[in-house]
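Source file: work-v3.tsv (TSV, C-alpha atoms and all ligand atoms)
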chain	number	residue	atom	x	y	z
Y	1	MET	CA	51.18	-64.94	-12.69
Y	2	LEU	CA	52.37	-64.69	-9.14
Y	3	TYR	CA	54.20	-61.41	-9.68
Y	4	ASN	CA	51.08	-59.71	-11.01
Y	5	GLN	CA	49.22	-60.82	-7.90
Y	6	ILE	CA	51.89	-59.25	-5.70
Y	7	VAL	CA	51.70	-56.01	-7.67
Y	8	SER	CA	47.92	-55.85	-7.43
Y	9	ALA	CA	48.07	-56.62	-3.72
Y	10	ARG	CA	50.34	-53.59	-3.32
Y	11	GLN	CA	47.97	-51.44	-5.35
Y	12	ASN	CA	45.00	-52.57	-3.24
Y	13	ASN	CA	46.87	-52.33	0.05
Y	14	GLN	CA	46.35	-56.04	0.73
Y	15	LYS	CA	49.20	-57.23	2.88
Y	16	LEU	CA	50.98	-60.50	2.13
Y	17	LEU	CA	52.76	-62.90	4.46
Y	18	ALA	CA	55.30	-65.58	3.66
Y	19	ILE	CA	56.42	-68.42	5.89
Y	20	LEU	CA	60.05	-69.22	5.16
Y	21	LEU	CA	61.00	-72.88	5.43
Y	22	ASP	CA	64.64	-73.92	5.53
Y	23	PRO	CA	64.75	-77.48	4.12
Y	24	ASP	CA	67.72	-78.32	6.35
Y	25	LYS	CA	65.63	-77.68	9.43
Y	26	ILE	CA	62.48	-79.55	8.46
Y	27	ASP	CA	61.77	-82.89	10.04
Y	28	MET	CA	60.01	-84.84	7.29
Y	29	GLU	CA	58.54	-87.19	9.91
Y	30	SER	CA	56.32	-84.43	11.22
Y	31	ILE	CA	55.69	-82.67	7.93
Y	32	ASP	CA	51.91	-83.27	8.01
Y	33	ASN	CA	51.61	-81.38	11.27
Y	34	LEU	CA	53.74	-78.55	9.85
Y	35	ILE	CA	51.53	-78.36	6.77
Y	36	ASP	CA	48.39	-78.19	8.93
Y	37	LYS	CA	49.91	-75.26	10.82
Y	38	ILE	CA	50.76	-73.48	7.57
Y	39	ASN	CA	47.22	-73.99	6.33
Y	40	GLU	CA	45.76	-72.60	9.57
Y	41	SER	CA	48.07	-69.57	9.44
Y	42	PRO	CA	47.44	-66.31	7.55
Y	43	ALA	CA	50.36	-67.06	5.21
Y	44	THR	CA	49.73	-66.19	1.58
Y	45	HIS	CA	53.03	-67.65	0.33
Y	46	VAL	CA	55.58	-70.26	1.34
Y	47	PHE	CA	59.21	-69.40	0.69
Y	48	ILE	CA	61.79	-72.17	0.57
Y	49	GLY	CA	65.49	-71.57	1.04
Y	50	GLY	CA	68.42	-70.85	3.27
Y	51	SER	CA	72.01	-69.72	3.06
Y	52	ILE	CA	73.58	-73.16	3.26
Y	53	VAL	CA	70.92	-75.71	2.36
Y	54	GLU	CA	72.35	-79.15	1.64
Y	55	ALA	CA	69.07	-80.57	0.71
Y	56	ASP	CA	68.33	-83.17	-1.84
Y	57	SER	CA	65.18	-83.02	0.16
Y	58	ILE	CA	63.98	-79.77	-1.46
Y	59	ASP	CA	62.04	-81.55	-4.21
Y	60	GLU	CA	60.46	-83.95	-1.77
Y	61	LEU	CA	59.53	-81.16	0.64
Y	62	ILE	CA	57.85	-79.14	-2.09
Y	63	ILE	CA	55.98	-82.14	-3.48
Y	64	ARG	CA	54.61	-82.85	0.01
Y	65	LEU	CA	53.68	-79.22	0.54
Y	66	LYS	CA	51.91	-79.00	-2.79
Y	67	GLN	CA	49.76	-82.01	-2.02
Y	68	LYS	CA	48.15	-80.16	0.84
Y	69	THR	CA	48.74	-76.42	0.70
Y	70	ILE	CA	47.23	-73.90	-1.64
Y	71	ALA	CA	49.77	-71.16	-0.92
Y	72	PRO	CA	52.18	-70.75	-3.84
Y	73	ILE	CA	55.68	-72.09	-3.23
Y	74	VAL	CA	58.44	-69.61	-4.00
Y	75	LEU	CA	62.14	-70.49	-4.01
Y	76	PHE	CA	64.36	-68.11	-2.08
Y	77	PRO	CA	67.71	-69.70	-2.87
Y	78	GLY	CA	71.14	-69.09	-1.38
Y	79	ASN	CA	72.75	-70.61	-4.46
Y	80	PRO	CA	71.81	-72.38	-7.72
Y	81	SER	CA	71.82	-75.85	-6.15
Y	82	GLN	CA	68.60	-74.91	-4.40
Y	83	ILE	CA	66.56	-74.68	-7.58
Y	84	SER	CA	63.67	-77.11	-7.74
Y	85	LYS	CA	61.33	-77.50	-10.67
Y	86	GLU	CA	58.56	-78.44	-8.26
Y	87	ALA	CA	58.06	-74.87	-7.01
Y	88	ASP	CA	55.86	-72.20	-8.62
Y	89	ALA	CA	58.32	-69.34	-8.78
Y	90	ILE	CA	61.79	-68.23	-7.83
Y	91	LEU	CA	63.07	-64.98	-6.40
Y	92	PHE	CA	66.01	-64.42	-8.74
Y	93	LEU	CA	68.15	-62.54	-6.27
Y	94	THR	CA	70.87	-59.95	-6.71
Y	95	LEU	CA	72.66	-58.98	-3.51
Y	96	LEU	CA	72.53	-55.23	-4.12
Y	97	SER	CA	74.01	-54.34	-0.75
Y	98	GLY	CA	77.19	-56.35	-1.39
Y	99	ARG	CA	80.13	-55.99	-3.70
Y	100	ASN	CA	80.87	-59.67	-4.20
Y	101	PRO	CA	80.53	-60.46	-7.94
Y	102	ASP	CA	79.54	-64.05	-7.14
Y	103	TYR	CA	76.27	-62.78	-5.67
Y	104	LEU	CA	75.81	-60.00	-8.21
Y	105	ILE	CA	76.15	-62.08	-11.39
Y	106	GLU	CA	78.17	-65.32	-11.12
Y	107	HIS	CA	75.55	-67.49	-9.40
Y	108	GLN	CA	72.86	-65.96	-11.59
Y	109	VAL	CA	74.65	-67.00	-14.78
Y	110	ASN	CA	75.25	-70.48	-13.39
Y	111	ALA	CA	71.59	-70.81	-12.47
Y	112	VAL	CA	70.33	-70.33	-16.02
Y	113	PRO	CA	70.85	-73.89	-17.34
Y	114	PHE	CA	68.86	-75.21	-14.37
Y	115	LEU	CA	66.13	-72.62	-14.75
Y	116	LYS	CA	65.73	-73.31	-18.45
Y	117	LYS	CA	64.73	-76.87	-17.58
Y	118	THR	CA	61.88	-75.67	-15.39
Y	119	LYS	CA	58.64	-73.77	-15.77
Y	120	LEU	CA	59.36	-71.59	-12.75
Y	121	GLU	CA	58.19	-68.00	-12.87
Y	122	VAL	CA	61.38	-65.97	-12.46
Y	123	ILE	CA	60.98	-62.81	-10.40
Y	124	SER	CA	63.95	-60.46	-10.42
Y	125	THR	CA	64.57	-59.35	-6.85
Y	126	GLY	CA	66.99	-56.77	-5.49
Y	127	TYR	CA	68.12	-58.13	-2.13
Y	128	ILE	CA	69.46	-55.62	0.40
Y	129	LEU	CA	71.04	-56.77	3.63
Y	130	ILE	CA	70.77	-54.35	6.54
Y	131	GLU	CA	72.97	-54.37	9.64
Y	132	SER	CA	71.07	-56.05	12.48
Y	133	GLY	CA	73.24	-56.29	15.57
Y	134	THR	CA	75.24	-59.45	14.93
Y	135	GLN	CA	76.77	-61.21	11.95
Y	136	THR	CA	74.11	-63.12	10.03
Y	137	ALA	CA	74.41	-66.22	7.84
Y	138	VAL	CA	73.94	-64.12	4.68
Y	139	GLU	CA	76.94	-61.99	5.65
Y	140	ARG	CA	79.05	-65.04	6.41
Y	141	VAL	CA	78.13	-66.99	3.30
Y	142	SER	CA	78.18	-64.08	0.85
Y	143	LYS	CA	81.26	-62.48	2.42
Y	144	THR	CA	79.65	-59.08	2.13
Y	145	ASP	CA	78.91	-56.31	4.59
Y	146	PRO	CA	75.34	-55.24	5.34
Y	147	LEU	CA	74.30	-51.61	4.87
Y	148	ASP	CA	74.32	-49.19	7.80
Y	149	ARG	CA	70.98	-49.38	9.64
Y	150	ASN	CA	71.18	-45.65	10.34
Y	151	ASN	CA	71.51	-44.62	6.73
Y	152	SER	CA	68.05	-44.90	5.18
Y	153	ASP	CA	69.01	-42.56	2.38
Y	154	TYR	CA	71.70	-44.89	1.11
Y	155	VAL	CA	69.40	-47.91	1.46
Y	156	LEU	CA	66.78	-46.09	-0.58
Y	157	GLN	CA	69.38	-45.13	-3.17
Y	158	THR	CA	70.35	-48.82	-3.41
Y	159	ALA	CA	66.72	-49.88	-3.79
Y	160	GLN	CA	66.17	-47.25	-6.47
Y	161	ALA	CA	69.26	-48.47	-8.34
Y	162	GLY	CA	67.71	-51.95	-8.25
Y	163	GLU	CA	64.49	-50.54	-9.65
Y	164	TYR	CA	66.37	-48.81	-12.49
Y	165	ILE	CA	68.28	-52.02	-13.24
Y	166	GLY	CA	64.92	-53.71	-13.65
Y	167	ASN	CA	64.36	-55.58	-10.40
Y	168	GLN	CA	60.67	-56.41	-9.97
Y	169	LEU	CA	60.81	-56.58	-6.18
Y	170	ILE	CA	62.99	-55.16	-3.43
Y	171	TYR	CA	63.71	-57.31	-0.36
Y	172	LEU	CA	64.95	-55.51	2.76
Y	173	GLU	CA	66.61	-58.20	4.85
Y	174	ALA	CA	67.93	-58.07	8.41
Y	175	GLY	CA	69.02	-61.72	8.17
Y	176	SER	CA	67.48	-64.86	9.57
Y	177	GLY	CA	67.18	-64.72	13.34
Y	178	ALA	CA	68.38	-61.12	13.36
Y	179	LYS	CA	68.58	-59.39	16.72
Y	180	GLN	CA	67.10	-56.21	15.28
Y	181	ALA	CA	64.63	-56.11	12.39
Y	182	VAL	CA	64.84	-53.56	9.58
Y	183	PRO	CA	64.09	-50.10	11.08
Y	184	LEU	CA	60.51	-48.96	10.44
Y	185	GLU	CA	61.65	-45.57	9.24
Y	186	MET	CA	63.82	-47.30	6.60
Y	187	ILE	CA	60.87	-49.43	5.44
Y	188	GLU	CA	58.73	-46.30	5.20
Y	189	LYS	CA	61.25	-44.26	3.25
Y	190	THR	CA	61.96	-47.10	0.83
Y	191	SER	CA	58.34	-48.09	0.28
Y	192	LYS	CA	57.23	-44.51	-0.39
Y	193	ASN	CA	59.94	-43.89	-2.95
Y	194	ILE	CA	59.92	-47.01	-5.12
Y	195	GLN	CA	57.13	-48.17	-7.42
Y	196	ILE	CA	57.74	-51.91	-7.08
Y	197	PRO	CA	56.57	-54.12	-4.19
Y	198	LEU	CA	58.64	-54.28	-1.02
Y	199	ILE	CA	59.42	-57.47	0.93
Y	200	VAL	CA	60.71	-57.16	4.50
Y	201	GLY	CA	62.16	-59.95	6.63
Y	202	GLY	CA	64.59	-60.92	9.32
Y	203	GLY	CA	64.10	-60.76	13.08
Y	204	ILE	CA	60.34	-60.21	12.97
Y	205	ARG	CA	58.89	-62.29	15.76
Y	206	SER	CA	55.61	-60.85	17.03
Y	207	LYS	CA	52.24	-59.88	15.60
Y	208	GLU	CA	52.95	-56.33	16.62
Y	209	ALA	CA	56.22	-56.32	14.66
Y	210	ILE	CA	54.42	-57.71	11.61
Y	211	ASP	CA	51.72	-55.03	11.82
Y	212	ASN	CA	54.31	-52.29	12.31
Y	213	ALA	CA	56.19	-53.43	9.20
Y	214	TYR	CA	52.93	-53.37	7.21
Y	215	ARG	CA	52.03	-49.93	8.51
Y	216	ALA	CA	55.47	-48.66	7.56
Y	217	GLY	CA	54.89	-49.86	4.00
Y	218	ALA	CA	56.03	-53.49	3.70
Y	219	ASP	CA	53.89	-55.28	1.12
Y	220	LEU	CA	55.03	-58.75	2.10
Y	221	VAL	CA	56.51	-59.78	5.44
Y	222	VAL	CA	58.62	-62.93	5.78
Y	223	ILE	CA	58.53	-65.03	8.96
Y	224	GLY	CA	61.12	-67.76	9.34
Y	225	THR	CA	62.65	-68.26	12.78
Y	226	ALA	CA	59.55	-67.33	14.81
Y	227	PHE	CA	57.53	-70.11	13.14
Y	228	GLU	CA	60.46	-72.50	13.15
Y	229	ASN	CA	60.85	-72.08	16.93
Y	230	ASP	CA	57.15	-72.21	17.66
Y	231	ILE	CA	54.87	-73.99	15.30
Y	232	ASN	CA	51.91	-72.34	17.07
Y	233	PHE	CA	53.28	-68.85	16.45
Y	234	PHE	CA	50.32	-67.80	14.33
Y	235	ASN	CA	47.75	-68.97	16.89
Y	301	LIG	C1	65.40	-64.57	6.39
Y	301	LIG	O1	63.92	-62.74	6.10
Y	301	LIG	C2	63.99	-64.07	6.41
Y	301	LIG	O2	65.92	-64.55	5.11
Y	301	LIG	C3	63.30	-64.44	7.69
Y	301	LIG	O3	64.02	-64.09	8.84
Y	301	LIG	O4	64.13	-66.15	10.22
Y	301	LIG	O5	64.41	-63.91	11.28
Y	301	LIG	O6	62.18	-64.65	10.43
Y	301	LIG	P1	63.66	-64.73	10.27

Show the structure stored in the file as structure tokens.
Amino acid sequence: MLYNQIVSARQNNQKLLAILLDPDKIDMESIDNLIDKINESPATHVFIGGSIVEADSIDELIIRLKQKTIAPIVLFPGNPSQISKEADAILFLTLLSGRNPDYLIEHQVNAVPFLKKTKLEVISTGYILIESGTQTAVERVSKTDPLDRNNSDYVLQTAQAGEYIGNQLIYLEAGSGAKQAVPLEMIEKTSKNIQIPLIVGGGIRSKEAIDNAYRAGADLVVIGTAFENDINFFN
């Protein structure tokens, strides 16, 4: 199971890296080149999703990816319409930082009939949006406020609530294309004080920033925009 692999990676201090692909932004004409770049990169996982994906193309994208990539494909959906049976697993997200019931329970309930028709591994994930300089798509779409980037104690408290609720992962998110990534001190405090693996993403766009996030305690770093803007990012 994918989740067990993530847990043992944390225990063994092996760092994981996910490339996030937004189906709306993928040009299927040049998909083979994209897949080659993913295969040459250090990515251990491919995440698929976005806040406002329109894509009927999700299935097709995943089928193409699976023909040529060995990295597991994990759905990172903005809403239930982004569920595809072709993937390996799904981050079943709860927006812990927000107070919009749609993103706390409504979408989750609506997703169940779709999930029951698949063999996806469902991984319960507490998703925490952190203030990052400008309004991000997650904020806009979910109509929720991010948490104060200067209040690591409250972010930790939120992550610990997620752990008590039974989340299997915590995802600290600055938002796609964020101006400022999640503060390192916040990653450190959270990672040290929860038992479950920690994902960090949003606004990370250099090798140095990736390494700093790992050193601070991120178990899995997500790279979306940096790879989207420059397919040779990992070179
Ligand atoms: C967004 O955390 C991911 O949900 C990745 O963010 O696009 O800024 O890399 P970037």

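Atom CA of Ile73 of chain Y sits 12.9 Å away from atom CA of Glu60 of chain Y.
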
Q: Measure the distance from atom CA of Gln195 of chain Y to atom CA of Ile83 of chain Y in Å and round it to one decimal.
A: 28.1 Å

Q: Within 6 Å of ligand LIG 301 (chain Y), which residues show up when you count all atoms listed in the file? List them as a ChimeraX atom specification, please.
A: /Y:173,175-178,201-204,222-226

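If you count all atoms listed in the file and ignore residues fewer than 4 places along the chain from segment 8-20 of chain Y, what sits within 7 Å of it is Asn4, Ala43, Thr44, His45, Val46, Phe47, Ile48, Pro197, Tyr214, Asp219, Leu220, Val221, Val222, Ile223 and Gly224 of chain Y.
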
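Using all atoms listed in the file, the shortest contact distance between Lys192 of chain Y and any of Y:Ile52, Y:Ala216, Y:Phe92, Y:Glu121 is found at Y:Ala216.
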
Taking 3 positions as the minimum chain separation for residues in the same chain, which residues sit within 12 Å of Met1 of chain Y when counting only C-alpha atoms? Answer as a compact mmCIF listing (two decimals) with C-alpha atoms, keeping the file's coordinate frame.
# COMPACT_ATOMS: atom_id res chain seq x y z
CA ASN Y 4 51.08 -59.71 -11.01
CA GLN Y 5 49.22 -60.82 -7.90
CA ILE Y 6 51.89 -59.25 -5.70
CA VAL Y 7 51.70 -56.01 -7.67
CA SER Y 8 47.92 -55.85 -7.43
CA PRO Y 72 52.18 -70.75 -3.84
CA ASP Y 88 55.86 -72.20 -8.62
CA ALA Y 89 58.32 -69.34 -8.78
CA LYS Y 119 58.64 -73.77 -15.77
CA LEU Y 120 59.36 -71.59 -12.75
CA GLU Y 121 58.19 -68.00 -12.87
CA VAL Y 122 61.38 -65.97 -12.46
CA ILE Y 123 60.98 -62.81 -10.40

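For the pair atom CA of Tyr164 of chain Y and atom CA of Thr94 of chain Y, the interatomic distance is 13.3 Å.
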
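Using all atoms listed in the file, the shortest contact distance between Asp24 of chain Y and any of Y:Lys66, Y:Tyr127, Y:Glu228, Y:Asn167 is found at Y:Glu228.
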
Q) Using only C-alpha atoms, which residues sit within 10 Å of segment 181-191 of chain Y once same-chain residues fewer than 4 positions away are excluded, as a ChimeraX atom specification? A) /Y:129-133,149-160,170,172-177,195-205,209,212-219

Q) For Leu2 of chain Y, which residue among Y:Ser206, Y:Asn235, Y:Gln168, Y:Gln108 is the nearest when counting all atoms listed in the file? A) Y:Gln168

(Q) At a cut-off of 8 Å, using only C-alpha atoms, what residues contact Ser51 of chain Y? Leave out same-chain residues fewer than 3 positions from it and give the result as a PyMOL selection string. (A) chain Y and resi 77-79+137-138+141

Saved selection, atoms kept: C-alpha atoms, as a PDB file, keeping the file's coordinate frame:
ATOM      1  CA  PRO Y  77      67.710 -69.700  -2.870  1.00  0.00           C
ATOM      2  CA  GLY Y  78      71.140 -69.090  -1.380  1.00  0.00           C
ATOM      3  CA  ASN Y  79      72.750 -70.610  -4.460  1.00  0.00           C
ATOM      4  CA  ALA Y 137      74.410 -66.220   7.840  1.00  0.00           C
ATOM      5  CA  VAL Y 138      73.940 -64.120   4.680  1.00  0.00           C
ATOM      6  CA  VAL Y 141      78.130 -66.990   3.300  1.00  0.00           C
TER       7      VAL Y 141
END

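Shortest atom-to-atom contact with Gly162 of chain Y among Y:Gln67, Y:Thr125, Y:Ser81, Y:Thr136: Y:Thr125, counting all atoms listed in the file.
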
Grab segment 163-192 of chain Y from that structure and dump N, CA and C atoms to a file, as an mmCIF file, in the first residue's frame.
data_model
loop_
_atom_site.group_PDB
_atom_site.id
_atom_site.type_symbol
_atom_site.label_atom_id
_atom_site.label_comp_id
_atom_site.auth_asym_id
_atom_site.auth_seq_id
_atom_site.Cartn_x
_atom_site.Cartn_y
_atom_site.Cartn_z
ATOM 1 N N GLU Y 163 -4.769 15.071 13.244
ATOM 2 C CA GLU Y 163 -4.231 13.767 13.652
ATOM 3 C C GLU Y 163 -5.208 13.066 14.606
ATOM 4 N N TYR Y 164 -5.756 13.791 15.541
ATOM 5 C CA TYR Y 164 -6.738 13.204 16.469
ATOM 6 C C TYR Y 164 -7.991 12.735 15.735
ATOM 7 N N ILE Y 165 -8.412 13.513 14.738
ATOM 8 C CA ILE Y 165 -9.604 13.140 13.959
ATOM 9 C C ILE Y 165 -9.353 11.844 13.190
ATOM 10 N N GLY Y 166 -8.085 11.604 12.886
ATOM 11 C CA GLY Y 166 -7.753 10.358 12.182
ATOM 12 C C GLY Y 166 -7.135 10.560 10.814
ATOM 13 N N ASN Y 167 -6.767 11.805 10.498
ATOM 14 C CA ASN Y 167 -6.068 12.023 9.227
ATOM 15 C C ASN Y 167 -4.776 11.212 9.228
ATOM 16 N N GLN Y 168 -4.437 10.676 8.041
ATOM 17 C CA GLN Y 168 -3.223 9.854 7.926
ATOM 18 C C GLN Y 168 -2.020 10.672 7.469
ATOM 19 N N LEU Y 169 -2.317 11.826 6.886
ATOM 20 C CA LEU Y 169 -1.262 12.734 6.420
ATOM 21 C C LEU Y 169 -1.688 14.155 6.755
ATOM 22 N N ILE Y 170 -0.700 15.024 6.917
ATOM 23 C CA ILE Y 170 -0.983 16.465 6.985
ATOM 24 C C ILE Y 170 -0.280 17.124 5.794
ATOM 25 N N TYR Y 171 -1.001 18.028 5.139
ATOM 26 C CA TYR Y 171 -0.465 18.741 3.971
ATOM 27 C C TYR Y 171 -0.451 20.233 4.304
ATOM 28 N N LEU Y 172 0.742 20.803 4.456
ATOM 29 C CA LEU Y 172 0.863 22.252 4.648
ATOM 30 C C LEU Y 172 1.010 22.897 3.282
ATOM 31 N N GLU Y 173 0.080 23.742 2.941
ATOM 32 C CA GLU Y 173 -0.054 24.265 1.579
ATOM 33 C C GLU Y 173 0.012 25.787 1.556
ATOM 34 N N ALA Y 174 0.942 26.334 0.744
ATOM 35 C CA ALA Y 174 0.960 27.786 0.561
ATOM 36 C C ALA Y 174 0.073 28.184 -0.618
ATOM 37 N N GLY Y 175 -0.300 27.200 -1.446
ATOM 38 C CA GLY Y 175 -1.123 27.489 -2.633
ATOM 39 C C GLY Y 175 -0.264 27.467 -3.880
ATOM 40 N N SER Y 176 -0.868 27.020 -4.967
ATOM 41 C CA SER Y 176 -0.095 26.881 -6.202
ATOM 42 C C SER Y 176 0.400 28.243 -6.683
ATOM 43 N N GLY Y 177 1.691 28.304 -6.982
ATOM 44 C CA GLY Y 177 2.287 29.549 -7.458
ATOM 45 C C GLY Y 177 2.443 30.588 -6.369
ATOM 46 N N ALA Y 178 2.391 30.151 -5.119
ATOM 47 C CA ALA Y 178 2.458 31.100 -3.996
ATOM 48 C C ALA Y 178 3.713 31.966 -4.062
ATOM 49 N N LYS Y 179 3.557 33.201 -3.661
ATOM 50 C CA LYS Y 179 4.707 34.112 -3.572
ATOM 51 C C LYS Y 179 5.691 33.607 -2.537
ATOM 52 N N GLN Y 180 5.155 33.270 -1.361
ATOM 53 C CA GLN Y 180 6.003 32.803 -0.262
ATOM 54 C C GLN Y 180 5.597 31.371 0.099
ATOM 55 N N ALA Y 181 6.592 30.511 0.223
ATOM 56 C CA ALA Y 181 6.322 29.121 0.612
ATOM 57 C C ALA Y 181 6.005 29.060 2.110
ATOM 58 N N VAL Y 182 5.624 27.894 2.571
ATOM 59 C CA VAL Y 182 5.356 27.706 4.005
ATOM 60 C C VAL Y 182 6.659 27.985 4.777
ATOM 61 N N PRO Y 183 6.591 28.793 5.851
ATOM 62 C CA PRO Y 183 7.816 29.110 6.607
ATOM 63 C C PRO Y 183 8.488 27.841 7.155
ATOM 64 N N LEU Y 184 9.813 27.833 7.091
ATOM 65 C CA LEU Y 184 10.566 26.640 7.518
ATOM 66 C C LEU Y 184 10.333 26.332 8.995
ATOM 67 N N GLU Y 185 10.237 27.382 9.775
ATOM 68 C CA GLU Y 185 10.038 27.191 11.211
ATOM 69 C C GLU Y 185 8.687 26.511 11.487
ATOM 70 N N MET Y 186 7.704 26.815 10.641
ATOM 71 C CA MET Y 186 6.368 26.202 10.771
ATOM 72 C C MET Y 186 6.423 24.721 10.384
ATOM 73 N N ILE Y 187 7.182 24.426 9.328
ATOM 74 C CA ILE Y 187 7.353 23.019 8.907
ATOM 75 C C ILE Y 187 8.007 22.244 10.049
ATOM 76 N N GLU Y 188 9.047 22.848 10.624
ATOM 77 C CA GLU Y 188 9.810 22.178 11.676
ATOM 78 C C GLU Y 188 8.936 21.886 12.898
ATOM 79 N N LYS Y 189 8.221 22.914 13.335
ATOM 80 C CA LYS Y 189 7.394 22.748 14.531
ATOM 81 C C LYS Y 189 6.317 21.686 14.295
ATOM 82 N N THR Y 190 5.707 21.726 13.131
ATOM 83 C CA THR Y 190 4.633 20.770 12.837
ATOM 84 C C THR Y 190 5.192 19.351 12.745
ATOM 85 N N SER Y 191 6.256 19.208 11.967
ATOM 86 C CA SER Y 191 6.821 17.873 11.742
ATOM 87 C C SER Y 191 7.253 17.204 13.042
ATOM 88 N N LYS Y 192 7.860 18.007 13.916
ATOM 89 C CA LYS Y 192 8.378 17.453 15.183
ATOM 90 C C LYS Y 192 7.275 17.015 16.127
#
